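Next up, run.cif (mmCIF, C-alpha atoms):
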data_target
loop_
_atom_site.label_atom_id
_atom_site.label_comp_id
_atom_site.auth_asym_id
_atom_site.auth_seq_id
_atom_site.Cartn_x
_atom_site.Cartn_y
_atom_site.Cartn_z
CA MET A 236 17.54 20.30 -15.08
CA THR A 237 15.36 21.21 -18.01
CA GLU A 238 14.00 17.83 -19.06
CA LYS A 239 10.59 16.80 -17.81
CA ALA A 240 10.43 14.51 -14.79
CA PHE A 241 9.30 10.92 -15.40
CA GLN A 242 6.16 11.65 -13.40
CA GLU A 243 5.20 14.42 -15.85
CA HIS A 244 4.72 11.69 -18.45
CA TYR A 245 2.32 9.56 -16.38
CA PRO A 246 -1.19 9.41 -17.86
CA ASP A 247 -3.60 11.69 -15.96
CA GLU A 248 -5.58 8.74 -14.54
CA PHE A 249 -2.41 7.41 -12.89
CA ALA A 250 -1.09 10.80 -11.69
CA ASN A 251 -2.85 11.09 -8.32
CA CYS A 252 -0.48 9.11 -6.11
CA TYR A 253 0.18 10.77 -2.74
CA GLY A 254 3.87 10.15 -3.19
CA CYS A 255 4.49 11.03 -6.81
CA GLY A 256 1.29 12.15 -8.51
CA ARG A 257 1.57 15.61 -10.08
CA LEU A 258 -2.22 15.98 -9.74
CA ASN A 259 -2.38 15.22 -5.98
CA GLU A 260 -2.38 18.68 -4.41
CA HIS A 261 -1.95 17.22 -0.90
CA GLY A 262 0.85 14.86 -1.91
CA LEU A 263 4.63 14.91 -1.99
CA GLN A 264 4.87 15.32 -5.80
CA ILE A 265 8.38 13.86 -6.00
CA LYS A 266 10.21 14.23 -9.32
CA SER A 267 12.61 11.70 -10.85
CA TYR A 268 15.17 12.17 -13.63
CA TRP A 269 17.89 10.32 -15.48
CA ASP A 270 21.48 10.79 -14.33
CA GLY A 271 23.49 8.63 -16.72
CA ASP A 272 22.41 5.02 -16.23
CA GLU A 273 20.97 5.82 -12.84
CA THR A 274 17.94 7.83 -11.81
CA VAL A 275 17.86 10.53 -9.19
CA CYS A 276 15.27 12.31 -7.06
CA HIS A 277 15.93 15.17 -4.64
CA PHE A 278 13.40 15.78 -1.90
CA THR A 279 13.24 17.66 1.40
CA PRO A 280 10.45 16.26 3.58
CA ASP A 281 8.38 18.57 5.75
CA SER A 282 9.26 18.45 9.45
CA LYS A 283 5.84 17.02 10.33
CA TYR A 284 7.11 13.68 8.97
CA THR A 285 9.29 13.17 12.02
CA GLY A 286 9.95 9.64 13.23
CA GLY A 287 9.76 8.11 16.66
CA PHE A 288 13.19 9.50 17.40
CA PRO A 289 13.26 13.31 17.54
CA GLY A 290 14.95 15.08 14.62
CA PHE A 291 14.79 12.12 12.26
CA LEU A 292 12.47 11.14 9.45
CA TYR A 293 9.85 8.42 10.00
CA GLY A 294 10.41 5.09 8.32
CA GLY A 295 7.16 5.23 6.38
CA MET A 296 8.36 8.34 4.50
CA ILE A 297 11.66 6.68 3.70
CA ALA A 298 9.79 3.66 2.34
CA SER A 299 7.46 5.97 0.38
CA LEU A 300 10.30 7.82 -1.31
CA ILE A 301 12.09 4.60 -2.22
CA ASP A 302 8.82 3.08 -3.43
CA CYS A 303 7.70 5.97 -5.65
CA HIS A 304 11.15 6.68 -7.06
CA GLY A 305 11.51 2.95 -7.68
CA ALA A 306 8.28 2.87 -9.69
CA ALA A 307 9.47 5.88 -11.70
CA THR A 308 12.84 4.22 -12.32
CA ALA A 309 11.12 1.10 -13.62
CA SER A 310 8.91 3.20 -15.91
CA ALA A 311 11.84 5.11 -17.35
CA ALA A 312 14.11 2.08 -17.74
CA LYS A 313 11.43 0.09 -19.56
CA ALA A 314 10.70 3.05 -21.84
CA ARG A 315 14.39 3.61 -22.62
CA ALA A 316 15.00 -0.09 -23.28
CA GLU A 317 12.11 -0.33 -25.73
CA GLY A 318 12.22 3.16 -27.22
CA LYS A 319 8.60 3.70 -26.18
CA PRO A 320 6.79 6.36 -24.12
CA ILE A 321 6.80 6.09 -20.34
CA SER A 322 4.12 3.80 -18.89
CA ARG A 323 2.99 3.31 -15.29
CA PHE A 324 4.35 0.71 -12.89
CA VAL A 325 3.08 -0.43 -9.50
CA THR A 326 4.96 -2.17 -6.71
CA ALA A 327 4.80 -5.93 -6.26
CA SER A 328 7.43 -6.12 -3.52
CA LEU A 329 9.50 -3.59 -1.59
CA LYS A 330 12.39 -4.10 0.83
CA VAL A 331 14.01 -1.30 2.78
CA ASP A 332 17.08 -1.62 5.01
CA PHE A 333 17.54 1.32 7.33
CA ARG A 334 21.27 1.90 7.71
CA ALA A 335 21.41 5.13 9.70
CA PRO A 336 18.97 7.72 11.06
CA THR A 337 17.71 10.04 8.29
CA PRO A 338 17.68 13.71 9.30
CA ILE A 339 14.64 15.93 8.72
CA ASN A 340 14.88 19.43 7.23
CA THR A 341 17.64 18.15 4.96
CA GLU A 342 17.59 17.54 1.22
CA LEU A 343 17.59 13.81 0.56
CA THR A 344 18.92 12.15 -2.57
CA ILE A 345 17.26 8.96 -3.75
CA ARG A 346 19.05 7.07 -6.52
CA GLY A 347 17.75 4.10 -8.48
CA LYS A 348 19.07 1.61 -10.99
CA ALA A 349 17.09 -0.96 -12.93
CA THR A 350 18.97 -4.24 -12.60
CA GLU A 351 16.69 -6.45 -14.67
CA ILE A 352 13.88 -5.97 -17.19
CA LYS A 353 11.83 -9.09 -17.86
CA GLY A 354 8.57 -8.55 -19.71
CA ARG A 355 6.28 -6.42 -17.55
CA LYS A 356 8.53 -6.86 -14.50
CA VAL A 357 11.45 -4.57 -13.62
CA LEU A 358 13.80 -4.99 -10.65
CA VAL A 359 15.20 -1.82 -9.11
CA ASP A 360 17.93 -1.19 -6.52
CA LEU A 361 17.87 2.11 -4.64
CA THR A 362 19.75 4.19 -2.10
CA LEU A 363 18.72 7.14 0.04
CA THR A 364 21.44 9.50 1.22
CA ALA A 365 21.56 12.74 3.22
CA CYS A 366 24.61 15.01 2.83
CA GLY A 367 26.41 12.13 1.11
CA LYS A 368 25.78 9.66 3.92
CA LEU A 369 23.92 6.43 3.22
CA CYS A 370 20.74 6.27 5.31
CA ALA A 371 18.73 3.51 3.62
CA GLU A 372 18.94 0.94 0.85
CA GLY A 373 16.00 -0.46 -1.04
CA SER A 374 15.11 -3.08 -3.60
CA ALA A 375 11.82 -3.36 -5.41
CA VAL A 376 9.95 -5.52 -7.87
CA MET A 377 7.85 -3.28 -10.10
CA VAL A 378 5.13 -4.43 -12.49
CA GLN A 379 3.86 -2.52 -15.52
CA ILE A 380 0.16 -1.70 -15.56
CA PRO A 381 -1.42 -2.93 -18.80
CA ASP A 382 -2.60 -0.19 -21.19
CA GLY A 383 -5.75 1.66 -20.25
CA PRO A 384 -7.48 2.30 -16.93
CA GLY A 385 -9.04 -1.14 -16.56
CA PRO A 386 -9.05 -3.08 -13.27
CA LEU A 387 -5.65 -3.56 -11.67
CA PRO A 388 -4.57 -7.20 -12.01
CA GLU A 389 -4.04 -9.32 -8.95
CA LYS A 390 -0.36 -9.87 -8.21
CA LYS A 391 1.05 -13.23 -7.22
CA MET B 39 -11.52 -1.92 23.64
CA THR B 40 -10.82 -0.24 26.93
CA GLU B 41 -7.13 -0.96 27.41
CA LYS B 42 -4.64 1.69 26.37
CA ALA B 43 -3.00 1.37 22.97
CA PHE B 44 0.69 0.42 22.91
CA GLN B 45 1.48 3.88 21.54
CA GLU B 46 -0.06 5.51 24.63
CA HIS B 47 2.81 4.02 26.61
CA TYR B 48 5.60 5.45 24.44
CA PRO B 49 7.75 8.02 26.27
CA ASP B 50 6.84 11.58 25.23
CA GLU B 51 10.17 12.14 23.46
CA PHE B 52 9.45 9.16 21.19
CA ALA B 53 5.77 9.95 20.59
CA ASN B 54 6.00 12.32 17.61
CA CYS B 55 6.18 9.82 14.75
CA TYR B 56 4.01 10.82 11.77
CA GLY B 57 2.65 7.29 11.60
CA CYS B 58 2.04 6.40 15.23
CA GLY B 59 2.97 9.30 17.51
CA ARG B 60 0.10 10.39 19.76
CA LEU B 61 1.73 13.86 19.97
CA ASN B 62 1.98 14.46 16.19
CA GLU B 63 -1.14 16.49 15.42
CA HIS B 64 -0.55 16.17 11.65
CA GLY B 65 0.10 12.43 11.77
CA LEU B 66 -1.89 9.24 11.39
CA GLN B 67 -1.91 8.41 15.13
CA ILE B 68 -2.47 4.68 14.58
CA LYS B 69 -3.33 2.59 17.63
CA SER B 70 -2.24 -1.00 18.27
CA TYR B 71 -3.62 -3.54 20.75
CA TRP B 72 -3.24 -7.15 21.82
CA ASP B 73 -5.63 -9.70 20.36
CA GLY B 74 -4.56 -12.98 21.94
CA ASP B 75 -1.02 -13.72 20.83
CA GLU B 76 -1.36 -11.37 17.89
CA THR B 77 -1.62 -7.61 17.72
CA VAL B 78 -4.19 -5.64 15.77
CA CYS B 79 -4.63 -2.12 14.43
CA HIS B 80 -7.67 -0.77 12.63
CA PHE B 81 -7.22 2.28 10.43
CA THR B 82 -9.15 4.05 7.65
CA PRO B 83 -6.77 6.21 5.58
CA ASP B 84 -7.91 9.55 4.22
CA SER B 85 -8.72 9.55 0.51
CA LYS B 86 -5.84 11.93 -0.23
CA TYR B 87 -3.52 8.94 0.21
CA THR B 88 -4.58 7.52 -3.14
CA GLY B 89 -2.11 5.49 -5.16
CA GLY B 90 -1.13 5.65 -8.79
CA PHE B 91 -4.19 3.59 -9.62
CA PRO B 92 -7.45 5.45 -8.94
CA GLY B 93 -9.47 4.23 -5.95
CA PHE B 94 -6.60 2.42 -4.27
CA LEU B 95 -4.20 3.27 -1.48
CA TYR B 96 -0.61 4.27 -2.28
CA GLY B 97 2.11 1.81 -1.44
CA GLY B 98 3.92 4.20 0.87
CA MET B 99 0.93 4.31 3.21
CA ILE B 100 0.69 0.52 3.23
CA ALA B 101 4.38 0.32 4.11
CA SER B 102 3.90 2.99 6.80
CA LEU B 103 1.05 1.13 8.49
CA ILE B 104 2.96 -2.15 8.45
CA ASP B 105 6.10 -0.38 9.70
CA CYS B 106 4.51 1.49 12.61
CA HIS B 107 2.30 -1.39 13.70
CA GLY B 108 5.35 -3.65 13.43
CA ALA B 109 7.33 -1.40 15.78
CA ALA B 110 4.42 -1.37 18.22
CA THR B 111 4.15 -5.16 18.06
CA ALA B 112 7.84 -5.51 18.84
CA SER B 113 7.51 -3.12 21.79
CA ALA B 114 4.54 -4.98 23.23
CA ALA B 115 5.98 -8.46 22.66
CA LYS B 116 9.28 -7.56 24.33
CA ALA B 117 7.44 -6.00 27.27
CA ARG B 118 5.15 -9.01 27.69
CA ALA B 119 8.05 -11.48 27.44
CA GLU B 120 10.05 -9.68 30.13
CA GLY B 121 7.23 -8.40 32.32
CA LYS B 122 8.52 -4.86 31.87
CA PRO B 123 6.97 -1.58 30.68
CA ILE B 124 6.71 -0.90 26.96
CA SER B 125 9.87 0.57 25.38
CA ARG B 126 10.41 2.07 21.94
CA PHE B 127 11.60 0.18 18.88
CA VAL B 128 12.81 1.44 15.51
CA THR B 129 12.95 -0.40 12.20
CA ALA B 130 16.16 -2.00 10.96
CA SER B 131 14.60 -3.73 7.94
CA LEU B 132 11.15 -3.82 6.37
CA LYS B 133 9.78 -5.98 3.56
CA VAL B 134 6.33 -5.57 2.08
CA ASP B 135 4.73 -7.83 -0.53
CA PHE B 136 1.73 -6.26 -2.19
CA ARG B 137 -0.74 -9.06 -2.89
CA ALA B 138 -3.79 -7.17 -4.15
CA PRO B 139 -4.88 -3.54 -4.58
CA THR B 140 -5.85 -1.95 -1.24
CA PRO B 141 -9.08 0.09 -1.43
CA ILE B 142 -9.29 3.61 0.00
CA ASN B 143 -12.20 4.80 2.17
CA THR B 144 -12.27 1.34 3.76
CA GLU B 145 -11.27 0.26 7.25
CA LEU B 146 -8.03 -1.70 7.07
CA THR B 147 -6.94 -4.32 9.59
CA ILE B 148 -3.23 -4.72 10.24
CA ARG B 149 -2.20 -7.76 12.28
CA GLY B 150 1.22 -8.51 13.70
CA LYS B 151 2.96 -11.40 15.41
CA ALA B 152 6.40 -11.41 16.98
CA THR B 153 8.14 -14.53 15.72
CA GLU B 154 11.47 -14.14 17.51
CA ILE B 155 12.84 -12.08 20.40
CA LYS B 156 16.61 -12.02 20.63
CA GLY B 157 18.09 -9.40 22.91
CA ARG B 158 17.20 -5.95 21.58
CA LYS B 159 16.02 -7.40 18.26
CA VAL B 160 12.47 -8.56 17.56
CA LEU B 161 11.23 -10.10 14.29
CA VAL B 162 7.63 -9.41 13.33
CA ASP B 163 5.35 -10.84 10.63
CA LEU B 164 2.37 -8.77 9.53
CA THR B 165 -0.69 -8.78 7.28
CA LEU B 166 -2.91 -6.01 5.99
CA THR B 167 -6.47 -6.90 5.01
CA ALA B 168 -9.52 -5.00 3.76
CA CYS B 169 -12.97 -6.55 4.26
CA GLY B 170 -11.27 -9.84 5.07
CA LYS B 171 -9.20 -9.89 1.90
CA LEU B 172 -5.40 -10.07 2.11
CA CYS B 173 -3.88 -6.99 0.45
CA ALA B 174 -0.29 -7.00 1.73
CA GLU B 175 2.11 -9.06 3.83
CA GLY B 176 5.06 -7.66 5.71
CA SER B 177 8.04 -8.74 7.73
CA ALA B 178 10.22 -6.49 9.82
CA VAL B 179 13.33 -6.51 11.97
CA MET B 180 12.82 -4.13 14.87
CA VAL B 181 15.50 -2.90 17.27
CA GLN B 182 14.92 -1.55 20.77
CA ILE B 183 16.16 1.97 21.46
CA PRO B 184 18.42 2.01 24.53
CA ASP B 185 17.01 3.80 27.57
CA GLY B 186 16.97 7.56 27.45
CA PRO B 187 16.89 10.07 24.59
CA GLY B 188 20.58 9.78 23.68
CA PRO B 189 21.81 9.58 20.10
CA LEU B 190 20.27 6.81 18.00
CA PRO B 191 22.85 4.08 17.41
CA GLU B 192 24.01 3.28 13.90
CA LYS B 193 22.54 0.04 12.60
CA LYS B 194 24.59 -2.53 10.73
#
As structure tokens, how would this structure be written, given the file I've shared?
Amino acid sequence: MTEKAFQEHYPDEFANCYGCGRLNEHGLQIKSYWDGDETVCHFTPDSKYTGGFPGFLYGGMIASLIDCHGAATASAAKARAEGKPISRFVTASLKVDFRAPTPINTELTIRGKATEIKGRKVLVDLTLTACGKLCAEGSAVMVQIPDGPGPLPEKK
Amino acid sequence: MTEKAFQEHYPDEFANCYGCGRLNEHGLQIKSYWDGDETVCHFTPDSKYTGGFPGFLYGGMIASLIDCHGAATASAAKARAEGKPISRFVTASLKVDFRAPTPINTELTIRGKATEIKGRKVLVDLTLTACGKLCAEGSAVMVQIPDGPGPLPEKK
């Protein structure tokens, strides 16, 4: 893919997230792109992120990937809907259902779809698959950060 | 506290989780204990785990702490209810509501309470606070791994 990832468009002051910040040298630096009306992210976690069960990924990493790709999906969907540049979203609520063990040392595919855009709030549904097999499903409520690096608003 | 953490009782083959495995030298190695009828975990995340918003923790780490402490709470509650040794639980479903930004470089307190024990399934409610302020709430469905290191069952 030659287009820039959504995360490449994040303002510098919001680009340090451990999961998706391009400026966090210790982080995962996941990258998200459009694929038709859906979004897609491919990622192969390091084997140190093993879960309680040997050979499988830990749940926190699965939640992280769904969370960060969900925020990116909300950013891109809002930008596309309004014809504006990408802005930054944070998570208000995240739900992950673990459907099957997720292998480590395997490329994972995380897909997202914005199901509703309502003002600063975007709802996103997500899946995480390994070798075509569904391992986890997620849903998230994402909220757009107001312009500028002011204090983050409290969420209700 | 002088008692051993719940995670110290996990069988070696289930003690490599990035979040809570005592044998994962790269991991967070969180520790969970009883505090009356609740469970508690204190943890100060490294500053590399910053979120999209400067100075605050990334959502994936918050989900990880709630997830791993939730699994430990389920393990301990099941063991206490049955008068048996601690066994290992994995996550079937996790929900996290982010109520306020979570500061980095601050000790976090994660509290859990088992609200229902039904066979191999335990429901857990959780909170994450910083300096007494509620930052996130979680709820999880945890499932006990059958005895022995056989293949992890599919979850429906």
Let me make sure I understand: among A:Leu363, A:Val325, A:Ala307, A:Val376, which one has the smallest atom-to-atom distance to Gly89 (chain B) if we use only C-alpha atoms?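 Selected residue with least distance to Gly89 (chain B): A:Val325.
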Neighbours of chain B in chain A at 8 Å, counting all atoms listed in the file, as a tab-separated table (two decimals) with C-alpha atoms, keeping the file's coordinate frame:
chain	number	residue	atom	x	y	z
A	248	GLU	CA	-5.58	8.74	-14.54
A	249	PHE	CA	-2.41	7.41	-12.89
A	250	ALA	CA	-1.09	10.80	-11.69
A	251	ASN	CA	-2.85	11.09	-8.32
A	252	CYS	CA	-0.48	9.11	-6.11
A	253	TYR	CA	0.18	10.77	-2.74
A	254	GLY	CA	3.87	10.15	-3.19
A	256	GLY	CA	1.29	12.15	-8.51
A	259	ASN	CA	-2.38	15.22	-5.98
A	261	HIS	CA	-1.95	17.22	-0.90
A	262	GLY	CA	0.85	14.86	-1.91
A	283	LYS	CA	5.84	17.02	10.33
A	284	TYR	CA	7.11	13.68	8.97
A	285	THR	CA	9.29	13.17	12.02
A	286	GLY	CA	9.95	9.64	13.23
A	287	GLY	CA	9.76	8.11	16.66
A	288	PHE	CA	13.19	9.50	17.40
A	289	PRO	CA	13.26	13.31	17.54
A	293	TYR	CA	9.85	8.42	10.00
A	294	GLY	CA	10.41	5.09	8.32
A	295	GLY	CA	7.16	5.23	6.38
A	296	MET	CA	8.36	8.34	4.50
A	298	ALA	CA	9.79	3.66	2.34
A	299	SER	CA	7.46	5.97	0.38
A	300	LEU	CA	10.30	7.82	-1.31
A	302	ASP	CA	8.82	3.08	-3.43
A	303	CYS	CA	7.70	5.97	-5.65
A	325	VAL	CA	3.08	-0.43	-9.50
A	326	THR	CA	4.96	-2.17	-6.71
A	327	ALA	CA	4.80	-5.93	-6.26
A	328	SER	CA	7.43	-6.12	-3.52
A	329	LEU	CA	9.50	-3.59	-1.59
A	330	LYS	CA	12.39	-4.10	0.83
A	331	VAL	CA	14.01	-1.30	2.78
A	332	ASP	CA	17.08	-1.62	5.01
A	333	PHE	CA	17.54	1.32	7.33
A	334	ARG	CA	21.27	1.90	7.71
A	335	ALA	CA	21.41	5.13	9.70
A	336	PRO	CA	18.97	7.72	11.06
A	387	LEU	CA	-5.65	-3.56	-11.67
A	388	PRO	CA	-4.57	-7.20	-12.01
A	389	GLU	CA	-4.04	-9.32	-8.95
A	390	LYS	CA	-0.36	-9.87	-8.21
A	391	LYS	CA	1.05	-13.23	-7.22
Determine the axis-aligned bounding box of all atoms of region 95-100 of chain B present in the file, pad each side by 6 Å, and express its centre and edge lengths in Å to one decimal place as AutoDock Vina command-line options.
--center_x -0.1 --center_y 2.4 --center_z 0.5 --size_x 20.1 --size_y 15.8 --size_z 17.5
Proximity to Thr308 (chain A) - best of A:Thr344, A:Thr274, A:Gln264, A:Gln379, all atoms listed in the file: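 Checking each of A:Thr344, A:Thr274, A:Gln264, A:Gln379 against Thr308 (chain A), counting all atoms listed in the file, the winner is A:Thr274.
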Could you tell me which of B:Cys169, B:Ile68, B:Val162, B:Leu146 comes closest to Ser113 (chain B) if we count all atoms listed in the file?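 Checking each candidate against Ser113 (chain B), we get B:Val162 as the closest.
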Once the PyMOL selection byres ((chain A and resi 239) around 12) is applied to the coordinates I shared, what remains selected? I want it as an MDAnalysis selection string. chainID A and resid 236:238 240:245 257 266:269 311 321
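In this structure, CA of Ile142 (chain B) sits 29.5 Å away from CA of Val275 (chain A).
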What is the CA of Asp163 (chain B) to CA of Phe81 (chain B) distance in Å?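 One can read the CA of Asp163 (chain B) to CA of Phe81 (chain B) distance as 18.2 Å.
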On this file, the PyMOL selection byres ((chain A and resi 340) around 8) gives some set of residues; write that set as a PyMOL selection string. chain A and resi 279-282+338-339+341-342
Next, dump the selected residues to file, keeping only C-alpha atoms, as a short mmCIF file (atom, residue, chain, number, x, y, z; two decimals), keeping the file's coordinate frame.
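Dumped everything to part.cif:
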data_model
loop_
_atom_site.label_atom_id
_atom_site.label_comp_id
_atom_site.auth_asym_id
_atom_site.auth_seq_id
_atom_site.Cartn_x
_atom_site.Cartn_y
_atom_site.Cartn_z
CA THR A 279 13.24 17.66 1.40
CA PRO A 280 10.45 16.26 3.58
CA ASP A 281 8.38 18.57 5.75
CA SER A 282 9.26 18.45 9.45
CA PRO A 338 17.68 13.71 9.30
CA ILE A 339 14.64 15.93 8.72
CA THR A 341 17.64 18.15 4.96
CA GLU A 342 17.59 17.54 1.22
#
Quick one, how far is CA of Arg346 (chain A) from CA of Gly318 (chain A)?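 CA of Arg346 (chain A) sits 22.1 Å away from CA of Gly318 (chain A).
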Nearest to His277 (chain A): which of A:Glu317, A:Val357, A:Ala365, A:Lys348 is it, counting all atoms listed in the file?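 Using all atoms listed in the file, His277 (chain A) sits closest to A:Ala365.
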